[in-house]
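Peer 1: So that we are looking at the same thing, I have put the structure below in structure tokens.
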Amino acid sequence: MGLRQLKPITPGTRFYSVSDFSEVTTSTPKKSLLTTKKKSGGRNNTGRVTSRHRGGGHKQRYRIIDFKRNKHNIPATVETIEYDPNRTCRIALLKYNDNEYRYILAPNGIKVGDVLVSGENVELKDGNAMPLSKIPSGMFIHNIELKPGKGGQMVRSAGMAAQMVGVDGKYAQVKLPSGEIRMVLANCMATLGTVGNSEHENILYGKAGRMRWFGVRPQTRGMAMNPIDHPNGGGEGRSKSGGGRKHLRSPWGQLAKGLKTRKRKKASSKLIIRRRK
């Protein structure tokens, strides 16, 4: 697991780095765990653009990931570590003792041949999954459920890990990567260890064309537009917000800096012990 710097033989490769894929053991995914992935181009069901700067990109197939880890007390052997174009971390193919195959997010340090298991009373080993109520304080975890049985929803990207703070009654306290401490139901499942491919955040894309491969289209600054196209457009010379002393806004008038967009009466706010800021 590391990065490979390209020789600067062209302007595009001067600041270009790519993962060395040293931990990946095969380039052929399990066919039964693949499904189609349709691109929306940022458009909704009426054909209107609701998410700008999206479109194009390389064709991808979706890998079905087991976020639930609900095959309890059945040992599984790691068959392969694979690249997944749909996420920043690597995925691991598990073969259970009953010959069923499933993909999971590959934790840091996992390798082919390791035996993983999920359940209430399993070994405290990276890659094993268990309820939050059974995990000791201070341990690093990822792929954390918010509702029992729904599957992991938090802490799933490359290099991420949350930390167990403790268990109080029916709730466990978890410190998230953002620094927020929040309560999660203690019977929710989580996976031990840190998500792998921690070098992902250090990748330099090097050229605009590489972002187009990911389906990211160009973005024009609001200040470079005309007043009819954007609240920040217009003005003699460079001027914020159309020449006046107005606050920066989105094309639809939403304040761009400092506005809190979280709903004030959101039900889960009472579960947050310490906010991230």
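Numbering starts fresh at 1 for the residues of each chain in the structure tokens, the chains themselves are lettered A, B, ... in the order given, and ligands are numbered from 1 as they appear.
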How close does range 60-91 of chain A get to range 193-203 of chain A? List, as a Markdown table, each residue of range 60-91 of chain A within 10 Å, its nearest atom pair and the distance in Å to one decimal, counting only C-alpha atoms.
Peer 2:
| residue | atom | partner | partner_atom | distance |
| --- | --- | --- | --- | --- |
| A:Thr88 | CA | A:His200 | CA | 6.9 |
| A:Cys89 | CA | A:Asn197 | CA | 5.4 |
| A:Arg90 | CA | A:Asn197 | CA | 6.5 |
| A:Ile91 | CA | A:Gly196 | CA | 8.9 |
Peer 1: Using the chain letters and numbers from this document, which residues of range 37-267 of chain A does DSSP assign to strand (DSSP E), as number ranges by chain?
Peer 2: A: 61-63, 76-82, 91-96, 101-105, 115-116, 129-131, 140-142, 144-145, 152-154, 162-168, 171-175, 181-185, 189-192
Peer 1: Quick one: everything within 9 Å of Tyr171 in chain A, counting only C-alpha atoms, minus sequence neighbours fewer than 4 positions away in the same chain. Send it as a list in words.
Peer 2: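 Near neighbours after the sequence-gap exclusion: Leu132, Ser133, Gly166, Val167, Met183, Val184, Leu185, Ala186 and Asn187 of chain A.
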Peer 1: Step one, run DSSP on the backbone; step two, keep only residues of range 21-247 of chain A assigned to helix (DSSP H, G or I); then write them as a ChimeraX atom specification.
Peer 2: /A:31-33,132-134,198-202,208-213,222-224
Peer 1: Skipping near chain neighbours, those fewer than 6 positions away, what residues fall within 6 Å of Ser19 in chain A using only C-alpha atoms, listed as JSON, numbers by chain?
Peer 2: {"A": [2, 3, 4]}
Peer 1: Let me see the file: selected residues, N, CA and C atoms, as a PDB file, in the first residue's frame.
Peer 2:
ATOM      1  N   GLY A   2       0.840   1.966  -1.103  1.00  0.00           N
ATOM      2  CA  GLY A   2       1.658   3.166  -1.214  1.00  0.00           C
ATOM      3  C   GLY A   2       1.331   3.895  -2.488  1.00  0.00           C
ATOM      4  N   LEU A   3       2.096   4.938  -2.764  1.00  0.00           N
ATOM      5  CA  LEU A   3       1.880   5.736  -3.965  1.00  0.00           C
ATOM      6  C   LEU A   3       3.062   5.620  -4.905  1.00  0.00           C
ATOM      7  N   ARG A   4       2.780   5.766  -6.195  1.00  0.00           N
ATOM      8  CA  ARG A   4       3.813   5.725  -7.220  1.00  0.00           C
ATOM      9  C   ARG A   4       3.818   7.069  -7.930  1.00  0.00           C
TER      10      ARG A   4
END
Peer 1: So that I can check the surroundings of Arg217 in chain A, please list as a ChimeraX atom specification every protein, DNA and RNA residue that reaches within 10 Å of it, counting only C-alpha atoms and ignoring chain neighbours fewer than 5 positions away.
Peer 2: /A:41,52-57,208-209,211-212
Peer 1: For the atom pair CA of Trp213 in chain A and CA of Tyr103 in chain A, what is the interatomic distance in Å to one decimal place?
Peer 2: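 Interatomic distance here is 24.8 Å.
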Peer 1: CA of Glu120 in chain A and CA of Ala172 in chain A, how far apart in Å?
Peer 2: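 Distance reported for this atom pair: 15.2 Å.
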Peer 1: Identify which of the residues A:Asn232, A:Thr35, A:Ser239, A:Thr28 lies closest to Gln254 in chain A, counting only C-alpha atoms when measuring atom-to-atom distances.
Peer 2: A:Asn232
Peer 1: Find the residues of range 35-119 of chain A that sit at most 9 Å from range 141-162 of chain A; for each, write down the nearest two atoms and how far apart they are in Å, to one decimal. Count only C-alpha atoms. Sort by chain, then by number going up, and give it as JSON lines.
Peer 2:
{"residue": "A:Asp66", "atom": "CA", "partner": "A:Gly151", "partner_atom": "CA", "distance": 7.9}
{"residue": "A:Phe67", "atom": "CA", "partner": "A:Gly151", "partner_atom": "CA", "distance": 4.8}
{"residue": "A:Lys68", "atom": "CA", "partner": "A:Gly151", "partner_atom": "CA", "distance": 3.9}
{"residue": "A:Arg69", "atom": "CA", "partner": "A:Gly151", "partner_atom": "CA", "distance": 7.6}
{"residue": "A:Asn70", "atom": "CA", "partner": "A:Gly149", "partner_atom": "CA", "distance": 7.8}
{"residue": "A:Arg87", "atom": "CA", "partner": "A:Ser157", "partner_atom": "CA", "distance": 7.1}
{"residue": "A:Thr88", "atom": "CA", "partner": "A:Ala158", "partner_atom": "CA", "distance": 5.3}
{"residue": "A:Cys89", "atom": "CA", "partner": "A:Ala158", "partner_atom": "CA", "distance": 4.4}
{"residue": "A:Arg90", "atom": "CA", "partner": "A:Ala158", "partner_atom": "CA", "distance": 7.9}
{"residue": "A:Leu105", "atom": "CA", "partner": "A:Arg156", "partner_atom": "CA", "distance": 7.6}
{"residue": "A:Pro107", "atom": "CA", "partner": "A:His142", "partner_atom": "CA", "distance": 8.6}
{"residue": "A:Asn108", "atom": "CA", "partner": "A:Gly159", "partner_atom": "CA", "distance": 7.9}
Peer 1: What would the file look like if the residues just selected were written as an mmCIF file, in the first residue's frame with C-alpha atoms?
Peer 2:
data_model
loop_
_atom_site.group_PDB
_atom_site.id
_atom_site.type_symbol
_atom_site.label_atom_id
_atom_site.label_comp_id
_atom_site.auth_asym_id
_atom_site.auth_seq_id
_atom_site.Cartn_x
_atom_site.Cartn_y
_atom_site.Cartn_z
ATOM 1 C CA ASP A 66 -21.967 -6.899 2.824
ATOM 2 C CA PHE A 67 -22.355 -3.913 5.155
ATOM 3 C CA LYS A 68 -24.555 -5.908 7.565
ATOM 4 C CA ARG A 69 -22.077 -8.701 8.503
ATOM 5 C CA ASN A 70 -25.061 -10.768 9.633
ATOM 6 C CA ARG A 87 -15.217 3.631 -3.276
ATOM 7 C CA THR A 88 -11.884 4.880 -1.961
ATOM 8 C CA CYS A 89 -10.963 1.774 0.057
ATOM 9 C CA ARG A 90 -10.165 -1.743 -1.129
ATOM 10 C CA LEU A 105 -14.588 -3.312 3.172
ATOM 11 C CA PRO A 107 -9.517 -3.237 6.933
ATOM 12 C CA ASN A 108 -5.908 -2.131 7.300
#
Peer 1: Quick one: distance from CA of Lys263 in chain A to CA of Gln163 in chain A in Å, one decimal?
Peer 2: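 Spanning CA of Lys263 in chain A to CA of Gln163 in chain A is a straight-line distance of 26.3 Å.
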